[in-house]
Structures are given as C-alpha cells and as structure tokens.
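Structure file structure.csv; described as CSV, C-alpha atoms and all ligand atoms.
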```csv
chain,number,residue,atom,x,y,z
A,30,MET,CA,106.6,-13.1,53.5
A,31,LYS,CA,103.9,-11.8,51.1
A,32,ALA,CA,101.2,-13.8,52.8
A,33,THR,CA,102.3,-12.6,56.2
A,34,SER,CA,102.4,-9.0,55.0
A,35,LYS,CA,98.9,-9.3,53.7
A,36,PHE,CA,97.7,-10.8,57.0
A,37,LEU,CA,99.4,-7.8,58.8
A,38,SER,CA,97.4,-5.5,56.6
A,39,LEU,CA,94.2,-7.1,57.8
A,40,ILE,CA,95.3,-6.9,61.4
A,41,LEU,CA,96.9,-3.5,61.5
A,42,ARG,CA,94.5,-1.6,59.1
A,43,HIS,CA,91.1,-3.3,59.5
A,44,LYS,CA,90.5,-6.0,62.0
A,45,PRO,CA,92.9,-6.3,64.9
A,46,GLN,CA,90.1,-7.9,66.9
A,47,THR,CA,90.4,-11.1,64.8
A,48,ILE,CA,93.4,-12.0,66.9
A,49,GLY,CA,92.3,-10.2,70.0
A,50,LEU,CA,94.8,-7.3,69.5
A,51,GLU,CA,94.2,-3.7,70.3
A,52,LEU,CA,95.7,-0.8,68.5
A,53,ASP,CA,96.3,2.5,70.3
A,54,GLU,CA,94.8,5.8,69.0
A,55,HIS,CA,97.8,6.3,66.7
A,56,GLY,CA,97.4,2.8,65.2
A,57,TRP,CA,100.3,1.2,67.0
A,58,ALA,CA,100.3,-2.5,68.0
A,59,ASP,CA,102.6,-3.9,70.6
A,60,VAL,CA,105.2,-6.0,68.7
A,61,SER,CA,105.7,-8.7,71.3
A,62,GLU,CA,102.0,-9.1,71.8
A,63,LEU,CA,101.5,-9.3,68.0
A,64,CYS,CA,104.1,-12.0,67.8
A,65,ARG,CA,102.5,-13.9,70.7
A,66,ARG,CA,99.1,-13.9,68.9
A,67,VAL,CA,100.2,-14.9,65.4
A,68,ARG,CA,101.6,-18.4,65.1
A,69,GLY,CA,105.0,-18.5,63.5
A,70,LEU,CA,105.5,-14.7,63.6
A,71,ASP,CA,108.6,-13.4,65.2
A,72,PHE,CA,110.5,-10.2,65.5
A,73,ALA,CA,113.0,-11.1,62.7
A,74,THR,CA,110.2,-11.7,60.2
A,75,LEU,CA,108.6,-8.3,61.2
A,76,GLU,CA,111.9,-6.6,60.6
A,77,GLN,CA,112.1,-8.2,57.2
A,78,ILE,CA,108.6,-7.0,56.3
A,79,VAL,CA,109.1,-3.5,57.6
A,80,ALA,CA,112.3,-3.2,55.6
A,81,HIS,CA,111.4,-4.9,52.4
A,82,ASP,CA,107.6,-4.8,51.9
A,83,ASP,CA,107.1,-3.6,48.3
A,84,LYS,CA,105.0,-0.6,49.3
A,85,ARG,CA,106.6,0.1,52.6
A,86,ARG,CA,103.3,-0.4,54.3
A,87,TYR,CA,104.5,-0.7,57.9
A,88,SER,CA,106.7,1.2,60.4
A,89,PHE,CA,108.2,0.5,63.7
A,90,SER,CA,108.3,3.1,66.5
A,91,ALA,CA,111.9,4.3,67.2
A,92,ASP,CA,112.5,1.7,69.9
A,93,LYS,CA,110.9,-1.1,67.7
A,94,ARG,CA,108.5,-2.1,70.5
A,95,LEU,CA,105.5,-0.9,68.4
A,96,ILE,CA,104.4,-1.4,64.8
A,97,ARG,CA,101.7,0.2,62.7
A,98,ALA,CA,100.5,0.4,59.1
A,99,ASN,CA,101.4,3.7,57.4
A,100,GLN,CA,98.1,4.2,55.7
A,101,GLY,CA,95.1,2.3,54.3
A,102,HIS,CA,93.1,2.0,57.6
A,103,SER,CA,89.4,1.5,57.8
A,104,ILE,CA,89.4,1.8,61.6
A,105,PRO,CA,89.6,5.3,63.0
A,106,VAL,CA,93.2,5.8,64.1
A,107,ASP,CA,95.3,8.9,63.8
A,108,VAL,CA,98.6,8.0,62.2
A,109,GLU,CA,99.9,11.6,62.4
A,110,LEU,CA,99.8,12.2,58.7
A,111,GLU,CA,101.8,15.0,57.3
A,112,GLU,CA,99.6,17.7,55.8
A,113,VAL,CA,101.3,19.0,52.7
A,114,LYS,CA,100.8,21.0,49.5
A,115,PRO,CA,100.2,18.4,46.7
A,116,PRO,CA,101.7,18.5,43.2
A,117,GLU,CA,99.5,20.1,40.5
A,118,VAL,CA,98.1,16.7,39.5
A,119,LEU,CA,97.8,13.3,41.1
A,120,TYR,CA,96.2,10.1,39.8
A,121,HIS,CA,93.6,7.7,41.0
A,122,GLY,CA,93.4,4.1,39.6
A,123,THR,CA,90.1,2.3,39.8
A,124,ALA,CA,88.1,-0.1,37.7
A,125,GLN,CA,86.2,0.8,34.5
A,126,ARG,CA,82.9,-0.3,36.1
A,127,PHE,CA,83.1,2.3,38.8
A,128,SER,CA,83.7,5.2,36.4
A,129,SER,CA,80.1,6.4,35.9
A,130,SER,CA,79.5,6.4,39.7
A,131,ILE,CA,82.8,8.3,40.2
A,132,ASN,CA,81.9,10.8,37.5
A,133,ALA,CA,78.6,11.4,39.3
A,134,GLN,CA,79.8,11.5,43.0
A,135,GLY,CA,83.5,12.2,42.8
A,136,LEU,CA,85.9,9.9,44.6
A,137,LEU,CA,84.6,8.7,47.9
A,138,LYS,CA,86.7,7.1,50.6
A,139,MET,CA,84.4,4.1,50.8
A,140,SER,CA,85.5,1.9,53.6
A,141,ARG,CA,88.8,3.6,54.3
A,142,LEU,CA,89.6,6.8,56.2
A,143,TYR,CA,90.8,8.6,53.0
A,144,VAL,CA,90.7,8.5,49.2
A,145,HIS,CA,94.1,7.2,48.1
A,146,LEU,CA,95.9,8.9,45.3
A,147,SER,CA,99.1,8.2,43.4
A,148,ASN,CA,102.0,10.3,42.2
A,149,ASP,CA,102.2,8.7,38.8
A,150,VAL,CA,100.0,6.9,36.3
A,151,ALA,CA,101.9,3.6,36.5
A,152,THR,CA,101.2,3.2,40.2
A,153,ALA,CA,97.6,4.3,39.8
A,154,GLU,CA,97.2,1.6,37.1
A,155,LYS,CA,98.4,-1.1,39.5
A,156,VAL,CA,96.0,0.1,42.1
A,157,GLY,CA,93.2,0.1,39.6
A,158,ARG,CA,94.0,-3.5,38.3
A,159,ARG,CA,93.3,-4.8,41.8
A,160,HIS,CA,89.6,-4.1,41.1
A,161,GLY,CA,89.3,-5.2,37.5
A,162,GLN,CA,90.0,-3.5,34.2
A,163,ALA,CA,91.9,-0.4,35.2
A,164,LYS,CA,90.6,3.1,34.7
A,165,ILE,CA,92.7,6.1,35.5
A,166,PHE,CA,91.4,9.5,36.6
A,167,LEU,CA,93.6,12.6,36.8
A,168,VAL,CA,93.0,14.6,39.9
A,169,GLU,CA,93.5,18.4,39.8
A,170,SER,CA,95.1,18.4,43.2
A,171,GLY,CA,96.7,21.9,42.8
A,172,LYS,CA,93.2,23.4,42.1
A,173,MET,CA,91.7,21.6,45.1
A,174,PHE,CA,94.5,22.8,47.4
A,175,ALA,CA,94.0,26.4,46.2
A,176,ASP,CA,90.3,25.9,47.0
A,177,GLY,CA,91.1,24.9,50.5
A,178,TYR,CA,91.1,21.0,50.4
A,179,LYS,CA,93.6,19.3,52.6
A,180,PHE,CA,96.1,16.8,51.4
A,181,PHE,CA,98.2,14.4,53.4
A,182,ARG,CA,101.2,12.3,52.4
A,183,SER,CA,101.9,9.1,54.3
A,184,VAL,CA,105.4,8.1,55.1
A,185,ASN,CA,105.4,5.7,52.3
A,186,GLY,CA,104.5,8.3,49.7
A,187,VAL,CA,100.8,7.7,49.2
A,188,TRP,CA,98.6,10.8,48.9
A,189,LEU,CA,95.4,11.0,50.9
A,190,THR,CA,92.5,13.4,50.9
A,191,GLU,CA,88.9,13.1,52.3
A,192,HIS,CA,86.9,13.5,49.1
A,193,VAL,CA,87.6,14.5,45.5
A,194,PRO,CA,84.5,16.2,44.0
A,195,ALA,CA,83.8,15.3,40.3
A,196,LYS,CA,84.7,18.7,39.0
A,197,TYR,CA,88.4,18.1,39.9
A,198,LEU,CA,88.5,14.8,38.0
A,199,LYS,CA,89.5,14.2,34.4
A,200,GLU,CA,89.0,10.7,32.8
A,201,MET,CA,92.3,9.6,31.2
A,202,PHE,CA,91.7,6.0,30.0
B,1,LIG,C1,86.2,3.2,44.3
B,1,LIG,C2,96.1,-0.4,48.2
B,1,LIG,C3,82.1,4.0,43.0
B,1,LIG,C4,87.7,3.5,44.3
B,1,LIG,C5,96.3,0.5,47.0
B,1,LIG,C6,88.3,2.2,44.6
B,1,LIG,C7,96.0,1.8,47.5
B,1,LIG,C8,84.1,4.5,44.0
B,1,LIG,C9,87.3,1.6,45.5
B,1,LIG,C10,95.1,1.6,48.7
B,1,LIG,C11,83.7,5.8,44.2
B,1,LIG,C12,87.7,1.5,47.0
B,1,LIG,C13,93.7,2.1,48.4
B,1,LIG,C14,82.4,6.2,43.8
B,1,LIG,C15,85.7,5.6,45.0
B,1,LIG,N1,81.7,5.2,43.2
B,1,LIG,N2,83.4,3.6,43.4
B,1,LIG,N3,81.9,7.4,44.0
B,1,LIG,N4,84.7,6.5,44.8
B,1,LIG,N5,85.4,4.4,44.4
B,1,LIG,O1,90.7,-0.6,48.0
B,1,LIG,O2,92.1,3.4,46.2
B,1,LIG,O3,98.2,-2.8,48.6
B,1,LIG,O4,89.4,1.1,49.4
B,1,LIG,O5,88.1,4.0,43.0
B,1,LIG,O6,97.5,0.3,46.4
B,1,LIG,O7,91.7,1.0,45.4
B,1,LIG,O8,96.5,-2.4,50.3
B,1,LIG,O9,90.8,1.9,47.6
B,1,LIG,O10,88.4,1.4,43.4
B,1,LIG,O11,97.1,2.6,47.8
B,1,LIG,O12,98.7,-1.4,50.5
B,1,LIG,O13,86.1,2.4,45.5
B,1,LIG,O14,95.1,0.2,48.9
B,1,LIG,O15,97.3,-0.5,48.9
B,1,LIG,O16,88.8,0.6,47.0
B,1,LIG,O17,93.2,1.4,47.3
B,1,LIG,P1,89.9,0.7,48.1
B,1,LIG,P2,91.9,2.0,46.5
B,1,LIG,P3,97.7,-1.9,49.6
```

Can you dump the structure from the file as structure tokens?
Ligand code: HQG
Amino acid sequence: MKATSKFLSLILRHKPQTIGLELDEHGWADVSELCRRVRGLDFATLEQIVAHDDKRRYSFSADKRLIRANQGHSIPVDVELEEVKPPEVLYHGTAQRFSSSINAQGLLKMSRLYVHLSNDVATAEKVGRRHGQAKIFLVESGKMFADGYKFFRSVNGVWLTEHVPAKYLKEMF
C-alpha cells in the first residue's frame, strides 16, 4: 500500500500525464479512470489508502467518484485551501546543507505551489530528514500574519504559505 500511495503522489500532485490522466482545476481525478489506468489498482485499495495513509494525503469527493491529493502539488491546481490565522509559531524541517541559502533568501516554495510548514518540531524533523541531516527553522507565523501574509491549512493539517522571508526565521538546530 505504501508503494501505491507513493505512486498516487506522483500522479495526483505532479505528473498525471505519465498515465494519460487529467486533473480538473481543483485537482480532482476520476476514480474509475484512475483505476483503469493503473494496473492492479481498484476502488477498495483507494479506500484503504484514503482512510489509512499515514499523512492523510488524499481525499475523495462526497460521492467518492473523484479523488485528489490534499496538498503538496507542483502542478497549478486550486484545492480550495482554507485561509486561516496561524499559531504564533510554526516549524520548517529541511537539510543542514540548505540552511545558508535559506538564511539568505528565506523559504522558497521551490517546485511546489507553497512552502510547507509543520505544527510541531517532531513533524518538521521528519520532513527535514527526507533531504539529509535535519535542520529545523522556527517560523514567526504570528508576526507574518500580523504583517499581512496569508496562511492556509490543508485538510490534513499541513500549513502552507507562499514565501517566508528570512527575517521571520530563527535557526533552531
Ligand atoms: C528547501 C512531504 C535552499 C526546503 C513533507 C526543502 C512535506 C530551500 C526543499 C511536503 C530554500 C523543497 C513538503 C532556499 C526552501 N534555499 N533550499 N531558499 N527554500 N528550500 O520536498 O517542505 O510525504 O518541495 O527547505 O512531509 O521538504 O510528500 O518541500 O528542503 O509536508 O506527503 O527546498 O512534502 O510530504 O523540498 O516537503 P520539498 P518540503 P509528503
């Protein structure tokens, strides 16, 4: 199931064209078409993934005919993110080797539509370890919000914003 979930990430966030699939403007893919195009994938497996994926990466539409990734896209889709007031601080996990560039430029969204931020240090550490030796930045999200920056929370609890200028970052470890 983990391999299938990873593959779904590729299809629903980045490259639907690899299986000839199209997402609509809100990032939805047609469930039956998706199952037709991925060998061995069926509705029951998708239901398992939507319910049990460790980061709740995917959602069905109410009638379960459509499926989409909740966040993390690199292709321009509007997943109808909720704009909300963030907590005073959030965290960003990255790799040690990126820290000087981040200190100079702030956090950039790179290939994705948003910079991804976490509620707690432990989650940020996991995110950071994907890239190498983890490095954690504290983000002064309360100050940013007061200064007019917008924050969004995806339905699976990930915090998103367009850019974090360096002045709102504090290096933790
Ligand atoms: C770094 C995963 C140099 C940034 C995770 C990160 C997350 C800079 C990398 C979600 C930089 C981009 C997103 C700058 C940012 N100079 N490097 N100025 N600004 N970076 O994968 O946040 O498992 O696109 O620190 O859990 O690591 O896929 O972003 O290291 O929630 O569901 O550029 O993806 O979720 O890497 O991860 P990514 P991310 P999933």

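Distance check against Leu37 in chain A using all atoms listed in the file: of A:Asn185, A:Ser170, A:Ser88, A:Thr123, the minimum falls on A:Ser88.
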
Query raised in the report: Near Ile48 in chain A, within 9 Å and counting all atoms listed in the file, which residues show up once chain neighbours fewer than 6 positions away are dropped, as an MDAnalysis selection string?
Result: chainID A and resid 40 63 66:67

Query raised in the report: Mind listing the residues within 8 Å of ligand LIG 1 (chain B), all atoms listed in the file counted, as a PyMOL selection string?
Result: chain A and resi 38+84+86+100-101+121-124+127-141+144-147+152-153+155-157+159-160+187

Residues from the last selection, C-alpha atoms, saved as a PDB file, in the frame of the given file:
```pdb
ATOM      1  CA  SER A  38      97.400  -5.500  56.600  1.00  0.00           C
ATOM      2  CA  LYS A  84     105.000  -0.600  49.300  1.00  0.00           C
ATOM      3  CA  ARG A  86     103.300  -0.400  54.300  1.00  0.00           C
ATOM      4  CA  GLN A 100      98.100   4.200  55.700  1.00  0.00           C
ATOM      5  CA  GLY A 101      95.100   2.300  54.300  1.00  0.00           C
ATOM      6  CA  HIS A 121      93.600   7.700  41.000  1.00  0.00           C
ATOM      7  CA  GLY A 122      93.400   4.100  39.600  1.00  0.00           C
ATOM      8  CA  THR A 123      90.100   2.300  39.800  1.00  0.00           C
ATOM      9  CA  ALA A 124      88.100  -0.100  37.700  1.00  0.00           C
ATOM     10  CA  PHE A 127      83.100   2.300  38.800  1.00  0.00           C
ATOM     11  CA  SER A 128      83.700   5.200  36.400  1.00  0.00           C
ATOM     12  CA  SER A 129      80.100   6.400  35.900  1.00  0.00           C
ATOM     13  CA  SER A 130      79.500   6.400  39.700  1.00  0.00           C
ATOM     14  CA  ILE A 131      82.800   8.300  40.200  1.00  0.00           C
ATOM     15  CA  ASN A 132      81.900  10.800  37.500  1.00  0.00           C
ATOM     16  CA  ALA A 133      78.600  11.400  39.300  1.00  0.00           C
ATOM     17  CA  GLN A 134      79.800  11.500  43.000  1.00  0.00           C
ATOM     18  CA  GLY A 135      83.500  12.200  42.800  1.00  0.00           C
ATOM     19  CA  LEU A 136      85.900   9.900  44.600  1.00  0.00           C
ATOM     20  CA  LEU A 137      84.600   8.700  47.900  1.00  0.00           C
ATOM     21  CA  LYS A 138      86.700   7.100  50.600  1.00  0.00           C
ATOM     22  CA  MET A 139      84.400   4.100  50.800  1.00  0.00           C
ATOM     23  CA  SER A 140      85.500   1.900  53.600  1.00  0.00           C
ATOM     24  CA  ARG A 141      88.800   3.600  54.300  1.00  0.00           C
ATOM     25  CA  VAL A 144      90.700   8.500  49.200  1.00  0.00           C
ATOM     26  CA  HIS A 145      94.100   7.200  48.100  1.00  0.00           C
ATOM     27  CA  LEU A 146      95.900   8.900  45.300  1.00  0.00           C
ATOM     28  CA  SER A 147      99.100   8.200  43.400  1.00  0.00           C
ATOM     29  CA  THR A 152     101.200   3.200  40.200  1.00  0.00           C
ATOM     30  CA  ALA A 153      97.600   4.300  39.800  1.00  0.00           C
ATOM     31  CA  LYS A 155      98.400  -1.100  39.500  1.00  0.00           C
ATOM     32  CA  VAL A 156      96.000   0.100  42.100  1.00  0.00           C
ATOM     33  CA  GLY A 157      93.200   0.100  39.600  1.00  0.00           C
ATOM     34  CA  ARG A 159      93.300  -4.800  41.800  1.00  0.00           C
ATOM     35  CA  HIS A 160      89.600  -4.100  41.100  1.00  0.00           C
ATOM     36  CA  VAL A 187     100.800   7.700  49.200  1.00  0.00           C
TER      37      VAL A 187
END
```

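The two atoms in question, CA of Val118 in chain A and CA of Leu198 in chain A, are spaced 9.9 Å apart.
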
Report summary line: Separating CA of Gly69 in chain A from CA of Arg42 in chain A, to the nearest tenth of an Å, is a gap of 20.4 Å

Requested in this report: Using all atoms listed in the file, find the one residue out of A:Val193, A:Ala58, A:Leu119, A:Ile104 that sits nearest to Phe89 in chain A.
Outcome: A:Ala58

Requested in this report: Using all atoms listed in the file, pick whichever of A:Leu167, A:Lys196, A:Thr74, A:Tyr143 has the shortest atom-to-atom distance to Thr33 in chain A.
Outcome: A:Thr74

Query raised in the report: For Phe174 in chain A, which of A:Pro116, A:Gly49, A:Gly186, A:Gly161 is the closest residue, counting all atoms listed in the file?
Result: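 Closest to Phe174 in chain A of all the choices is A:Pro116.
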
Query - Residue with smallest distance to Ile78 in chain A - pool A:Ser103, A:Gln125, A:Ser61, A:Ser34, counting all atoms listed in the file - result: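 Using all atoms listed in the file, the shortest distance to Ile78 in chain A belongs to A:Ser34.
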
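Of the residues listed (A:Trp57, A:Phe36, A:Tyr197, A:Phe202), A:Trp57 shows the shortest atom-to-atom separation from Glu109 in chain A; distances use only C-alpha atoms.
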
Report summary line: The distance between CA of Tyr87 in chain A and CA of Asn99 in chain A is 5.4 Å
